[in-house]
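*Asks:* What follows is data19.pdb, made up of PDB, C-alpha atoms, pLDDT in the B column:
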```pdb
MODEL        1
ATOM      1  CA  MET A1283      12.446   9.748  -5.690  1.00 37.00           C
ATOM      2  CA  VAL A1284       8.997  11.111  -4.826  1.00 35.00           C
ATOM      3  CA  ARG A1285       6.293  10.556  -7.428  1.00 44.00           C
ATOM      4  CA  VAL A1286       3.815  13.432  -7.687  1.00 44.00           C
ATOM      5  CA  ALA A1287       0.455  13.425  -9.415  1.00 51.00           C
ATOM      6  CA  ALA A1288       0.324  15.873 -12.276  1.00 55.00           C
ATOM      7  CA  GLY A1289      -2.445  18.197 -13.294  1.00 56.00           C
ATOM      8  CA  VAL A1290      -5.061  20.189 -11.532  1.00 49.00           C
ATOM      9  CA  PHE A1291      -5.811  17.472  -8.953  1.00 49.00           C
ATOM     10  CA  ALA A1292      -2.209  17.183  -7.728  1.00 51.00           C
ATOM     11  CA  PRO A1293      -1.539  16.659  -3.998  1.00 43.00           C
ATOM     12  CA  GLY A1294      -2.257  19.748  -1.962  1.00 44.00           C
ATOM     13  CA  HIS A1295      -4.633  21.164  -4.545  1.00 51.00           C
ATOM     14  CA  LEU A1296      -7.617  19.473  -2.940  1.00 61.00           C
ATOM     15  CA  GLY A1297      -6.868  20.957   0.435  1.00 65.00           C
ATOM     16  CA  GLU A1298      -5.673  19.246   3.556  1.00 75.00           C
ATOM     17  CA  LEU A1299      -7.225  15.906   2.629  1.00 82.00           C
ATOM     18  CA  THR A1300      -4.388  15.087   0.242  1.00 80.00           C
ATOM     19  CA  GLN A1301      -1.876  15.707   3.003  1.00 78.00           C
ATOM     20  CA  VAL A1302      -3.693  13.470   5.483  1.00 82.00           C
ATOM     21  CA  VAL A1303      -4.647  10.732   3.006  1.00 89.00           C
ATOM     22  CA  PRO A1304      -1.885  10.559   0.359  1.00 88.00           C
ATOM     23  CA  PHE A1305      -2.902  10.025  -3.257  1.00 87.00           C
ATOM     24  CA  GLU A1306      -0.722   6.887  -3.484  1.00 90.00           C
ATOM     25  CA  LEU A1307      -2.848   5.310  -0.776  1.00 92.00           C
ATOM     26  CA  VAL A1308      -6.078   6.296  -2.536  1.00 93.00           C
ATOM     27  CA  ASP A1309      -4.760   4.922  -5.853  1.00 92.00           C
ATOM     28  CA  ALA A1310      -3.759   1.644  -4.163  1.00 94.00           C
ATOM     29  CA  VAL A1311      -7.175   1.281  -2.533  1.00 95.00           C
ATOM     30  CA  LEU A1312      -8.943   2.007  -5.823  1.00 94.00           C
ATOM     31  CA  ALA A1313      -6.799  -0.573  -7.627  1.00 94.00           C
ATOM     32  CA  GLU A1314      -7.352  -3.166  -4.881  1.00 95.00           C
ATOM     33  CA  THR A1315     -11.132  -2.738  -5.039  1.00 95.00           C
ATOM     34  CA  GLY A1316     -11.268  -2.533  -8.850  1.00 94.00           C
ATOM     35  CA  ARG A1317     -12.735   0.982  -8.876  1.00 93.00           C
ATOM     36  CA  VAL A1318     -10.144   2.778 -11.030  1.00 90.00           C
ATOM     37  CA  GLN A1319     -11.841   4.485 -13.960  1.00 87.00           C
ATOM     38  CA  HIS A1320     -11.427   2.714 -17.298  1.00 85.00           C
ATOM     39  CA  ARG A1321     -11.363   5.877 -19.381  1.00 82.00           C
ATOM     40  CA  LEU A1322     -10.132   9.418 -18.912  1.00 78.00           C
ATOM     41  CA  ARG A1323     -12.776  11.445 -17.104  1.00 79.00           C
ATOM     42  CA  GLU A1324     -13.122  15.004 -15.865  1.00 83.00           C
ATOM     43  CA  LEU A1325     -13.854  13.543 -12.439  1.00 87.00           C
ATOM     44  CA  PRO A1326     -11.483  10.602 -11.897  1.00 88.00           C
ATOM     45  CA  SER A1327     -12.083   8.012  -9.197  1.00 90.00           C
ATOM     46  CA  ARG A1328      -9.298   9.462  -7.034  1.00 90.00           C
ATOM     47  CA  VAL A1329     -11.154  12.779  -6.899  1.00 89.00           C
ATOM     48  CA  GLY A1330     -14.318  10.839  -6.051  1.00 92.00           C
ATOM     49  CA  VAL A1331     -12.678   9.381  -2.945  1.00 94.00           C
ATOM     50  CA  TYR A1332     -11.591  12.827  -1.769  1.00 92.00           C
ATOM     51  CA  PHE A1333     -15.085  14.134  -2.552  1.00 92.00           C
ATOM     52  CA  LEU A1334     -16.624  11.407  -0.371  1.00 93.00           C
ATOM     53  CA  LEU A1335     -14.212  12.265   2.446  1.00 92.00           C
ATOM     54  CA  ALA A1336     -15.126  15.947   2.107  1.00 91.00           C
ATOM     55  CA  MET A1337     -18.813  15.023   2.262  1.00 91.00           C
ATOM     56  CA  CYS A1338     -18.123  13.546   5.704  1.00 89.00           C
ATOM     57  CA  LEU A1339     -16.560  16.833   6.805  1.00 86.00           C
ATOM     58  CA  PHE A1340     -19.553  18.884   5.634  1.00 86.00           C
ATOM     59  CA  PRO A1341     -22.616  16.640   6.122  1.00 87.00           C
ATOM     60  CA  GLU A1342     -25.068  19.519   6.345  1.00 88.00           C
ATOM     61  CA  VAL A1343     -24.480  20.927   2.847  1.00 89.00           C
ATOM     62  CA  GLY A1344     -25.225  19.641  -0.643  1.00 91.00           C
ATOM     63  CA  TYR A1345     -22.931  18.136  -3.255  1.00 92.00           C
ATOM     64  CA  ARG A1346     -22.203  21.422  -5.071  1.00 92.00           C
ATOM     65  CA  LEU A1347     -21.231  23.285  -1.901  1.00 90.00           C
ATOM     66  CA  VAL A1348     -18.987  20.414  -0.788  1.00 89.00           C
ATOM     67  CA  TRP A1349     -17.333  20.504  -4.228  1.00 89.00           C
ATOM     68  CA  ASP A1350     -16.898  24.274  -4.005  1.00 86.00           C
ATOM     69  CA  LYS A1351     -15.299  23.982  -0.551  1.00 84.00           C
ATOM     70  CA  MET A1352     -13.021  21.175  -1.730  1.00 84.00           C
ATOM     71  CA  THR A1353     -11.806  23.047  -4.817  1.00 82.00           C
ATOM     72  CA  SER A1354     -11.790  26.595  -3.427  1.00 79.00           C
ATOM     73  CA  ALA A1355      -7.985  26.828  -3.780  1.00 76.00           C
ATOM     74  CA  LEU A1356      -8.374  26.144  -7.510  1.00 74.00           C
ATOM     75  CA  ALA A1357     -10.862  28.974  -8.140  1.00 72.00           C
ATOM     76  CA  GLY A1358     -10.248  30.760 -11.400  1.00 72.00           C
ATOM     77  CA  LEU A1359      -8.276  27.987 -13.093  1.00 71.00           C
ATOM     78  CA  PRO A1360      -9.800  27.036 -16.436  1.00 70.00           C
ATOM     79  CA  ALA A1361      -8.990  23.327 -16.073  1.00 70.00           C
ATOM     80  CA  VAL A1362     -11.169  22.844 -12.976  1.00 75.00           C
ATOM     81  CA  ALA A1363     -14.380  20.989 -13.680  1.00 77.00           C
ATOM     82  CA  SER A1364     -17.624  22.568 -12.547  1.00 84.00           C
ATOM     83  CA  PRO A1365     -19.790  19.472 -12.249  1.00 90.00           C
ATOM     84  CA  THR A1366     -23.515  19.434 -11.676  1.00 92.00           C
ATOM     85  CA  ALA A1367     -25.040  17.821  -8.614  1.00 93.00           C
ATOM     86  CA  LYS A1368     -26.057  14.878 -10.836  1.00 94.00           C
ATOM     87  CA  ALA A1369     -22.474  14.410 -12.058  1.00 93.00           C
ATOM     88  CA  LEU A1370     -21.257  14.409  -8.447  1.00 94.00           C
ATOM     89  CA  ARG A1371     -23.954  11.903  -7.501  1.00 94.00           C
ATOM     90  CA  ASP A1372     -22.863   9.668 -10.394  1.00 93.00           C
ATOM     91  CA  LEU A1373     -19.234  10.018  -9.251  1.00 92.00           C
ATOM     92  CA  ARG A1374     -20.240   8.948  -5.747  1.00 93.00           C
ATOM     93  CA  ARG A1375     -22.100   5.935  -7.084  1.00 94.00           C
ATOM     94  CA  ARG A1376     -19.255   5.008  -9.437  1.00 93.00           C
ATOM     95  CA  VAL A1377     -16.700   5.000  -6.614  1.00 94.00           C
ATOM     96  CA  GLY A1378     -19.017   3.080  -4.281  1.00 94.00           C
ATOM     97  CA  ALA A1379     -18.508   1.941  -0.711  1.00 94.00           C
ATOM     98  CA  ALA A1380     -15.768  -0.664  -1.203  1.00 95.00           C
ATOM     99  CA  PRO A1381     -12.857   1.804  -1.586  1.00 95.00           C
ATOM    100  CA  MET A1382     -14.056   3.795   1.421  1.00 95.00           C
ATOM    101  CA  ARG A1383     -14.261   0.638   3.533  1.00 94.00           C
ATOM    102  CA  ALA A1384     -10.770  -0.432   2.439  1.00 94.00           C
ATOM    103  CA  LEU A1385      -9.382   3.055   3.078  1.00 94.00           C
ATOM    104  CA  PHE A1386     -10.896   3.061   6.569  1.00 91.00           C
ATOM    105  CA  GLU A1387      -9.334  -0.325   7.337  1.00 89.00           C
ATOM    106  CA  VAL A1388      -5.928   1.070   6.385  1.00 89.00           C
ATOM    107  CA  VAL A1389      -6.060   4.373   8.265  1.00 87.00           C
ATOM    108  CA  CYS A1390      -8.223   3.559  11.305  1.00 83.00           C
ATOM    109  CA  GLY A1391      -6.637   3.558  14.708  1.00 76.00           C
ATOM    110  CA  PRO A1392      -5.511   6.043  17.316  1.00 73.00           C
ATOM    111  CA  LEU A1393      -3.516   8.955  15.930  1.00 73.00           C
ATOM    112  CA  ALA A1394      -1.638   9.803  19.106  1.00 77.00           C
ATOM    113  CA  GLN A1395       1.327   7.756  20.215  1.00 79.00           C
ATOM    114  CA  PRO A1396       1.324   6.318  23.781  1.00 78.00           C
ATOM    115  CA  VAL A1397       3.998   8.854  24.794  1.00 82.00           C
ATOM    116  CA  THR A1398       1.958  11.881  23.631  1.00 84.00           C
ATOM    117  CA  PRO A1399       1.012  14.050  26.639  1.00 84.00           C
ATOM    118  CA  GLY A1400      -2.644  13.695  27.639  1.00 82.00           C
ATOM    119  CA  VAL A1401      -3.192  10.394  25.831  1.00 83.00           C
ATOM    120  CA  ARG A1402      -2.937   8.249  28.934  1.00 84.00           C
ATOM    121  CA  PHE A1403      -4.144   8.502  32.503  1.00 85.00           C
ATOM    122  CA  GLY A1404      -1.920   6.083  34.346  1.00 85.00           C
ATOM    123  CA  ARG A1405      -2.071   2.832  32.393  1.00 84.00           C
ATOM    124  CA  TYR A1406      -5.396   3.716  30.731  1.00 84.00           C
ATOM    125  CA  ARG A1407      -5.840   5.367  27.333  1.00 80.00           C
ATOM    126  CA  THR A1408      -8.189   8.335  27.627  1.00 79.00           C
ATOM    127  CA  VAL A1409     -11.307   8.363  25.467  1.00 74.00           C
ATOM    128  CA  SER A1410     -13.832  11.082  24.741  1.00 71.00           C
ATOM    129  CA  PHE A1411     -17.448  10.606  23.665  1.00 64.00           C
ATOM    130  CA  ASP A1412     -19.774  13.183  22.189  1.00 61.00           C
ATOM    131  CA  GLY A1413     -23.011  12.726  24.090  1.00 59.00           C
ATOM    132  CA  CYS A1414     -25.017  14.967  21.775  1.00 60.00           C
ATOM    133  CA  SER A1415     -25.393  12.452  18.988  1.00 57.00           C
ATOM    134  CA  SER A1416     -25.090   9.184  20.872  1.00 53.00           C
ATOM    135  CA  LEU A1417     -27.770   6.544  20.855  1.00 58.00           C
ATOM    136  CA  LYS A1418     -30.601   7.226  23.262  1.00 58.00           C
ATOM    137  CA  HIS A1419     -32.339   4.349  25.058  1.00 58.00           C
ATOM    138  CA  PRO A1420     -36.120   4.444  25.072  1.00 60.00           C
ATOM    139  CA  ILE A1421     -37.831   5.417  28.302  1.00 57.00           C
ATOM    140  CA  PRO A1422     -39.524   2.382  29.839  1.00 56.00           C
ATOM    141  CA  THR A1423     -43.290   2.564  29.836  1.00 58.00           C
ATOM    142  CA  GLY A1424     -45.870   0.548  31.672  1.00 58.00           C
ATOM    143  CA  THR A1425     -47.014   0.089  35.202  1.00 58.00           C
ATOM    144  CA  GLY A1426     -44.757  -2.731  36.364  1.00 56.00           C
ATOM    145  CA  PRO A1427     -41.946  -2.472  38.931  1.00 57.00           C
ATOM    146  CA  GLY A1428     -39.089  -0.248  37.722  1.00 54.00           C
ATOM    147  CA  SER A1429     -41.178   1.646  35.174  1.00 53.00           C
ATOM    148  CA  ILE A1430     -41.503   5.417  35.209  1.00 54.00           C
ATOM    149  CA  GLY A1431     -43.979   6.540  37.822  1.00 53.00           C
ATOM    150  CA  SER A1432     -43.855   3.397  39.930  1.00 51.00           C
ATOM    151  CA  PRO A1433     -42.725   3.730  43.566  1.00 52.00           C
ATOM    152  CA  THR A1434     -39.812   1.313  42.973  1.00 51.00           C
ATOM    153  CA  ALA A1435     -38.421   3.080  39.870  1.00 49.00           C
ATOM    154  CA  ALA A1436     -35.563   4.747  41.739  1.00 50.00           C
ATOM    155  CA  ILE A1437     -34.625   1.650  43.767  1.00 51.00           C
ATOM    156  CA  PRO A1438     -31.944  -0.436  42.025  1.00 52.00           C
ATOM    157  CA  SER A1439     -32.399  -4.172  41.900  1.00 51.00           C
ATOM    158  CA  TRP A1440     -29.332  -6.114  43.125  1.00 53.00           C
ATOM    159  CA  SER A1441     -30.661  -9.611  42.523  1.00 49.00           C
TER     160      SER A1441
ENDMDL
END
```
How would this structure read if it were set down as structure tokens?

*Replies:*
Amino acid sequence: MVRVAAGVFAPGHLGELTQVVPFELVDAVLAETGRVQHRLRELPSRVGVYFLLAMCLFPEVGYRLVWDKMTSALAGLPAVASPTAKALRDLRRRVGAAPMRALFEVVCGPLAQPVTPGVRFGRYRTVSFDGCSSLKHPIPTGTGPGSIGSPTAAIPSWS
């Protein structure tokens, strides 16, 4: 028998996140880390976890816009909370980092199976990096050998 969360924050109501990260998993992580709310709230801890995940999907917008995107399928329902940015900040602080860390440890790993086309090149697993936001090394400065502007800068050292 499949157990389904009741109410306005039932699976599927918060978008695709509840289909990728099931609410049973979120509840288990919250219980394991001791972050389940102790009283009935308009914004339960489970919703806080999905809110934090949604914040990762939309890092360039504020709390209210993330909330609006996350609950857009529920527009017009009277039971949907319309929290302030402060209430969402308090929700984020109340949930904390521990449940997110535990959730990551459970779901991290490659999504594709080894037999999925395009996952492997020969015996190697293919990997892609986004070079736009990767760490940049500082340009060496100075006048010594190998520094920018010196005659030996382009000559590799094999010693």

*Asks:* Selection in question (the file shown): the PyMOL selection byres ((chain A and resi 1376) around 12). Which residues does it include, as a PyMOL selection string?

*Replies:* chain A and resi 1312+1316-1320+1323+1325-1331+1334+1369-1375+1377-1381

*Asks:* Per residue of segment 1307-1354 of chain A within 9 Å of segment 1384-1408 of chain A, what are the shortest atom pair and its distance in Å to one decimal, counting only C-alpha atoms, with rows by chain and residue number, as CSV?

*Replies:*
```
residue,atom,partner,partner_atom,distance
A:Leu1307,CA,A:Leu1385,CA,7.9
A:Val1308,CA,A:Leu1385,CA,7.3
A:Val1311,CA,A:Leu1385,CA,6.3
A:Leu1312,CA,A:Ala1384,CA,8.8
A:Glu1314,CA,A:Ala1384,CA,8.5
A:Thr1315,CA,A:Ala1384,CA,7.8
```

*Asks:* Just write the chosen residues, C-alpha atoms, as a tab-separated table (two decimals), in the frame of the given file.

*Replies:*
```tsv
chain	number	residue	atom	x	y	z
A	1307	LEU	CA	-2.85	5.31	-0.78
A	1308	VAL	CA	-6.08	6.30	-2.54
A	1311	VAL	CA	-7.18	1.28	-2.53
A	1312	LEU	CA	-8.94	2.01	-5.82
A	1314	GLU	CA	-7.35	-3.17	-4.88
A	1315	THR	CA	-11.13	-2.74	-5.04
```

*Asks:* Could you state which residues are captured by the PyMOL selection byres ((chain A and resi 1303) around 10) in this file, as a PDB file with C-alpha atoms, in the coordinates of the input?

*Replies:*
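Here's the written file part-v8.pdb:
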```
ATOM      1  CA  PRO A1293      -1.539  16.659  -3.998  1.00 43.00           C
ATOM      2  CA  GLU A1298      -5.673  19.246   3.556  1.00 75.00           C
ATOM      3  CA  LEU A1299      -7.225  15.906   2.629  1.00 82.00           C
ATOM      4  CA  THR A1300      -4.388  15.087   0.242  1.00 80.00           C
ATOM      5  CA  GLN A1301      -1.876  15.707   3.003  1.00 78.00           C
ATOM      6  CA  VAL A1302      -3.693  13.470   5.483  1.00 82.00           C
ATOM      7  CA  PRO A1304      -1.885  10.559   0.359  1.00 88.00           C
ATOM      8  CA  PHE A1305      -2.902  10.025  -3.257  1.00 87.00           C
ATOM      9  CA  GLU A1306      -0.722   6.887  -3.484  1.00 90.00           C
ATOM     10  CA  LEU A1307      -2.848   5.310  -0.776  1.00 92.00           C
ATOM     11  CA  VAL A1308      -6.078   6.296  -2.536  1.00 93.00           C
ATOM     12  CA  TYR A1332     -11.591  12.827  -1.769  1.00 92.00           C
ATOM     13  CA  LEU A1335     -14.212  12.265   2.446  1.00 92.00           C
ATOM     14  CA  LEU A1385      -9.382   3.055   3.078  1.00 94.00           C
ATOM     15  CA  VAL A1389      -6.060   4.373   8.265  1.00 87.00           C
TER      16      VAL A1389
END
```

*Asks:* To one decimal in Å, tell me the separation between atom CA of Ala1336 of chain A and atom CA of Ala1357 of chain A.

*Replies:*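 Computing the Euclidean distance for atom CA of Ala1336 of chain A and atom CA of Ala1357 of chain A yields 17.1 Å.
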
*Asks:* Which residues are near segment 1342-1351 of chain A? Cut-off 8 Å, only C-alpha atoms, ignore same chain within fewer than 2 positions. Put them as an MDAnalysis selection string.

*Replies:* chainID A and resid 1333 1336:1337 1340 1353:1354 1365:1367 1370:1371

*Asks:* Please, what distance in Å, to one decimal, runs between atom CA of Gly1358 of chain A and atom CA of Pro1341 of chain A?

*Replies:*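 Answer for the atom CA of Gly1358 of chain A to atom CA of Pro1341 of chain A separation: 25.7 Å.
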